[in-house]
Amino acid sequence: MRDKTVPRTVTSVLAEVGTDLITVTWGLGEPGIASDIEFFGYGLYYYDPTGNGGKRLGVRFGEAVTAWIFDNASATQANYDASWVNVTDDAVVAHFNDASLGLGEVGTILAYAHINGRDTQTDLPVTLLR
């Protein structure tokens, strides 16, 4: 298994939406180039076709591994501990339990990667399976 403390480039992103569960898989590539890394992570965001509503979901690696989902409409956030995140040689998989898409139609859905809160990759395409 790859070292969890080393950020990797994102090669693909898959979001699978089930009943009360969203699973996001960030496919990983080569190590990113950075020094003095305090934390890094992967995320995705989506909105309806008018740019409203939607959510942000992510995984953060730092002193601890955590996952989170932020609902734009209600301005609320749910946090998940490391037991909801699986890291393999090729991917980071986060399971967001008791979560739903919350939209009938998605307009924009994109992913990103960051190191110390600064985006290193943006506007990554996401495959959405419903």
# chains A, B, ... in the order shown; residues from 1 in each chain; ligands from 1

call {"tool": "select_by_dssp", "arguments": {"residues": "range 3-125 of chain A", "states": "strand (DSSP E or B)", "output": "JSON, numbers by chain"}}
result
{"A": [8, 9, 10, 11, 12, 13, 14, 15, 16, 17, 18, 21, 22, 23, 24, 25, 26, 27, 28, 29, 30, 31, 40, 41, 42, 43, 44, 45, 46, 47, 55, 56, 57, 58, 59, 60, 61, 65, 66, 67, 68, 69, 70, 71, 76, 77, 78, 79, 80, 85, 86, 87, 91, 92, 93, 94, 95, 96, 97, 108, 109, 110, 111, 112, 113, 114, 115, 118, 119, 120, 121, 122, 123, 124, 125]}

call {"tool": "residues_around", "arguments": {"residues": "Gln77 in chain A", "least_positions_apart": "2", "cutoff": "12 Å", "atoms": "only C-alpha atoms", "output": "PyMOL selection string"}}
result
chain A and resi 55-58+67-75+79-80+96+99

call {"tool": "write_last_selection", "arguments": {"atoms": "N, CA and C atoms", "output": "PDB file, in the first residue's frame"}}
result
ATOM      1  N   LYS A  55     -23.519  19.981  -3.052  1.00  0.00           N
ATOM      2  CA  LYS A  55     -22.699  19.654  -1.894  1.00  0.00           C
ATOM      3  C   LYS A  55     -21.223  19.646  -2.271  1.00  0.00           C
ATOM      4  N   ARG A  56     -20.391  19.638  -1.233  1.00  0.00           N
ATOM      5  CA  ARG A  56     -18.950  19.433  -1.367  1.00  0.00           C
ATOM      6  C   ARG A  56     -18.601  18.231  -0.510  1.00  0.00           C
ATOM      7  N   LEU A  57     -17.806  17.329  -1.066  1.00  0.00           N
ATOM      8  CA  LEU A  57     -17.384  16.129  -0.350  1.00  0.00           C
ATOM      9  C   LEU A  57     -15.868  16.053  -0.434  1.00  0.00           C
ATOM     10  N   GLY A  58     -15.231  15.570   0.618  1.00  0.00           N
ATOM     11  CA  GLY A  58     -13.783  15.489   0.556  1.00  0.00           C
ATOM     12  C   GLY A  58     -13.166  14.573   1.584  1.00  0.00           C
ATOM     13  N   ALA A  67     -12.984  12.472   6.585  1.00  0.00           N
ATOM     14  CA  ALA A  67     -13.804  12.768   5.418  1.00  0.00           C
ATOM     15  C   ALA A  67     -14.924  13.691   5.868  1.00  0.00           C
ATOM     16  N   TRP A  68     -15.481  14.432   4.921  1.00  0.00           N
ATOM     17  CA  TRP A  68     -16.528  15.383   5.264  1.00  0.00           C
ATOM     18  C   TRP A  68     -17.443  15.602   4.064  1.00  0.00           C
ATOM     19  N   ILE A  69     -18.669  16.027   4.360  1.00  0.00           N
ATOM     20  CA  ILE A  69     -19.623  16.406   3.325  1.00  0.00           C
ATOM     21  C   ILE A  69     -20.322  17.675   3.798  1.00  0.00           C
ATOM     22  N   PHE A  70     -20.315  18.689   2.939  1.00  0.00           N
ATOM     23  CA  PHE A  70     -20.910  19.981   3.270  1.00  0.00           C
ATOM     24  C   PHE A  70     -22.096  20.213   2.343  1.00  0.00           C
ATOM     25  N   ASP A  71     -23.249  20.487   2.926  1.00  0.00           N
ATOM     26  CA  ASP A  71     -24.469  20.762   2.168  1.00  0.00           C
ATOM     27  C   ASP A  71     -24.586  22.266   1.978  1.00  0.00           C
ATOM     28  N   ASN A  72     -24.492  22.730   0.732  1.00  0.00           N
ATOM     29  CA  ASN A  72     -24.545  24.166   0.448  1.00  0.00           C
ATOM     30  C   ASN A  72     -25.879  24.794   0.823  1.00  0.00           C
ATOM     31  N   ALA A  73     -26.966  24.087   0.588  1.00  0.00           N
ATOM     32  CA  ALA A  73     -28.296  24.656   0.839  1.00  0.00           C
ATOM     33  C   ALA A  73     -28.550  24.892   2.319  1.00  0.00           C
ATOM     34  N   SER A  74     -28.167  23.950   3.168  1.00  0.00           N
ATOM     35  CA  SER A  74     -28.443  24.090   4.598  1.00  0.00           C
ATOM     36  C   SER A  74     -27.239  24.612   5.386  1.00  0.00           C
ATOM     37  N   ALA A  75     -26.103  24.749   4.721  1.00  0.00           N
ATOM     38  CA  ALA A  75     -24.855  25.201   5.368  1.00  0.00           C
ATOM     39  C   ALA A  75     -24.513  24.326   6.576  1.00  0.00           C
ATOM     40  N   ASN A  79     -19.100  15.046   9.447  1.00  0.00           N
ATOM     41  CA  ASN A  79     -17.708  14.607   9.453  1.00  0.00           C
ATOM     42  C   ASN A  79     -17.639  13.106   9.688  1.00  0.00           C
ATOM     43  N   TYR A  80     -16.655  12.476   9.068  1.00  0.00           N
ATOM     44  CA  TYR A  80     -16.462  11.029   9.150  1.00  0.00           C
ATOM     45  C   TYR A  80     -15.021  10.753   9.556  1.00  0.00           C
ATOM     46  N   PHE A  96     -19.699   7.976   2.284  1.00  0.00           N
ATOM     47  CA  PHE A  96     -20.448   8.991   3.016  1.00  0.00           C
ATOM     48  C   PHE A  96     -21.815   8.403   3.353  1.00  0.00           C
ATOM     49  N   ALA A  99     -26.044   9.826   3.470  1.00  0.00           N
ATOM     50  CA  ALA A  99     -25.927  10.977   2.578  1.00  0.00           C
ATOM     51  C   ALA A  99     -26.697  10.705   1.290  1.00  0.00           C
TER      52      ALA A  99
END

call {"tool": "residues_around", "arguments": {"residues": "Gly104 in chain A", "least_positions_apart": "5", "cutoff": "12 Å", "atoms": "only C-alpha atoms", "output": "number ranges by chain"}}
result
A: 47-49, 53-54, 130

call {"tool": "write_last_selection", "arguments": {"atoms": "N, CA, C and O atoms", "output": "JSON list (two decimals), in the first residue's frame"}}
result
[["chain", "number", "residue", "atom", "x", "y", "z"],
["A", 47, "TYR", "N", -23.39, 21.10, -8.26],
["A", 47, "TYR", "CA", -24.48, 22.06, -8.16],
["A", 47, "TYR", "C", -25.58, 21.64, -9.13],
["A", 47, "TYR", "O", -25.34, 20.87, -10.06],
["A", 48, "ASP", "N", -26.76, 22.23, -8.97],
["A", 48, "ASP", "CA", -27.82, 21.99, -9.94],
["A", 48, "ASP", "C", -27.52, 22.78, -11.21],
["A", 48, "ASP", "O", -26.55, 23.54, -11.26],
["A", 49, "PRO", "N", -28.32, 22.62, -12.26],
["A", 49, "PRO", "CA", -28.03, 23.31, -13.52],
["A", 49, "PRO", "C", -27.99, 24.84, -13.44],
["A", 49, "PRO", "O", -27.38, 25.50, -14.28],
["A", 53, "GLY", "N", -27.60, 25.09, -4.80],
["A", 53, "GLY", "CA", -27.69, 23.84, -4.05],
["A", 53, "GLY", "C", -26.41, 23.04, -4.12],
["A", 53, "GLY", "O", -25.32, 23.58, -4.21],
["A", 54, "GLY", "N", -26.55, 21.75, -4.10],
["A", 54, "GLY", "CA", -25.40, 20.87, -4.21],
["A", 54, "GLY", "C", -24.64, 20.69, -2.92],
["A", 54, "GLY", "O", -25.05, 21.16, -1.86],
["A", 130, "ARG", "N", -25.74, 6.78, -10.82],
["A", 130, "ARG", "CA", -26.93, 6.85, -9.96],
["A", 130, "ARG", "C", -27.65, 5.55, -9.96],
["A", 130, "ARG", "O", -27.72, 4.85, -10.89]]

call {"tool": "residues_around", "arguments": {"residues": "Asn97 in chain A", "least_positions_apart": "5", "cutoff": "9 Å", "atoms": "only C-alpha atoms", "output": "PyMOL selection string"}}
result
chain A and resi 20-23+80+84

call {"tool": "write_last_selection", "arguments": {"atoms": "N, CA, C and O atoms", "output": "mmCIF file, in the first residue's frame"}}
result
data_model
loop_
_atom_site.group_PDB
_atom_site.id
_atom_site.type_symbol
_atom_site.label_atom_id
_atom_site.label_comp_id
_atom_site.auth_asym_id
_atom_site.auth_seq_id
_atom_site.Cartn_x
_atom_site.Cartn_y
_atom_site.Cartn_z
ATOM 1 N N ASP A 20 -29.099 6.412 0.630
ATOM 2 C CA ASP A 20 -28.459 6.884 1.858
ATOM 3 C C ASP A 20 -26.951 6.645 1.890
ATOM 4 O O ASP A 20 -26.365 6.473 2.968
ATOM 5 N N LEU A 21 -26.306 6.602 0.730
ATOM 6 C CA LEU A 21 -24.854 6.410 0.677
ATOM 7 C C LEU A 21 -24.294 7.005 -0.607
ATOM 8 O O LEU A 21 -24.827 6.782 -1.685
ATOM 9 N N ILE A 22 -23.236 7.782 -0.463
ATOM 10 C CA ILE A 22 -22.461 8.253 -1.608
ATOM 11 C C ILE A 22 -21.051 7.715 -1.422
ATOM 12 O O ILE A 22 -20.454 7.883 -0.362
ATOM 13 N N THR A 23 -20.525 7.043 -2.442
ATOM 14 C CA THR A 23 -19.163 6.537 -2.417
ATOM 15 C C THR A 23 -18.370 7.253 -3.501
ATOM 16 O O THR A 23 -18.788 7.277 -4.664
ATOM 17 N N TYR A 80 -16.655 12.476 9.068
ATOM 18 C CA TYR A 80 -16.462 11.029 9.150
ATOM 19 C C TYR A 80 -15.021 10.753 9.556
ATOM 20 O O TYR A 80 -14.098 11.422 9.089
ATOM 21 N N TRP A 84 -14.179 5.378 7.539
ATOM 22 C CA TRP A 84 -14.997 5.551 6.344
ATOM 23 C C TRP A 84 -14.156 5.780 5.089
ATOM 24 O O TRP A 84 -14.691 5.996 4.014
#

call {"tool": "closest_atom_pairs", "arguments": {"of": "range 4-87 of chain A", "to": "range 106-117 of chain A", "cutoff": "9 Å", "atoms": "only C-alpha atoms", "output": "tab-separated table"}}
result
residue	atom	partner	partner_atom	distance
A:Pro7	CA	A:Ile115	CA	7.5
A:Arg8	CA	A:Ala113	CA	8.7
A:Thr9	CA	A:Ala113	CA	7.5
A:Val10	CA	A:Ala113	CA	7.1
A:Val13	CA	A:Ala111	CA	7.2
A:Trp26	CA	A:Ala111	CA	8.9
A:Gly32	CA	A:Ile115	CA	9.0
A:Ala34	CA	A:Ile115	CA	7.8
A:Asp36	CA	A:Asn116	CA	8.8
A:Ile37	CA	A:Asn116	CA	6.4
A:Glu38	CA	A:Asn116	CA	5.9
A:Phe39	CA	A:Asn116	CA	5.1
A:Phe40	CA	A:Ile115	CA	4.2
A:Gly41	CA	A:His114	CA	5.4
A:Tyr42	CA	A:Ala113	CA	4.4
A:Gly43	CA	A:Tyr112	CA	5.4
A:Leu44	CA	A:Ala111	CA	3.9
A:Tyr45	CA	A:Ile109	CA	5.7
A:Tyr46	CA	A:Ile109	CA	4.2
A:Tyr47	CA	A:Thr108	CA	5.3
A:Asp48	CA	A:Val106	CA	4.5
A:Pro49	CA	A:Gly107	CA	3.7
A:Thr50	CA	A:Gly107	CA	7.2
A:Gly51	CA	A:Gly107	CA	7.2
A:Gly54	CA	A:Val106	CA	8.0
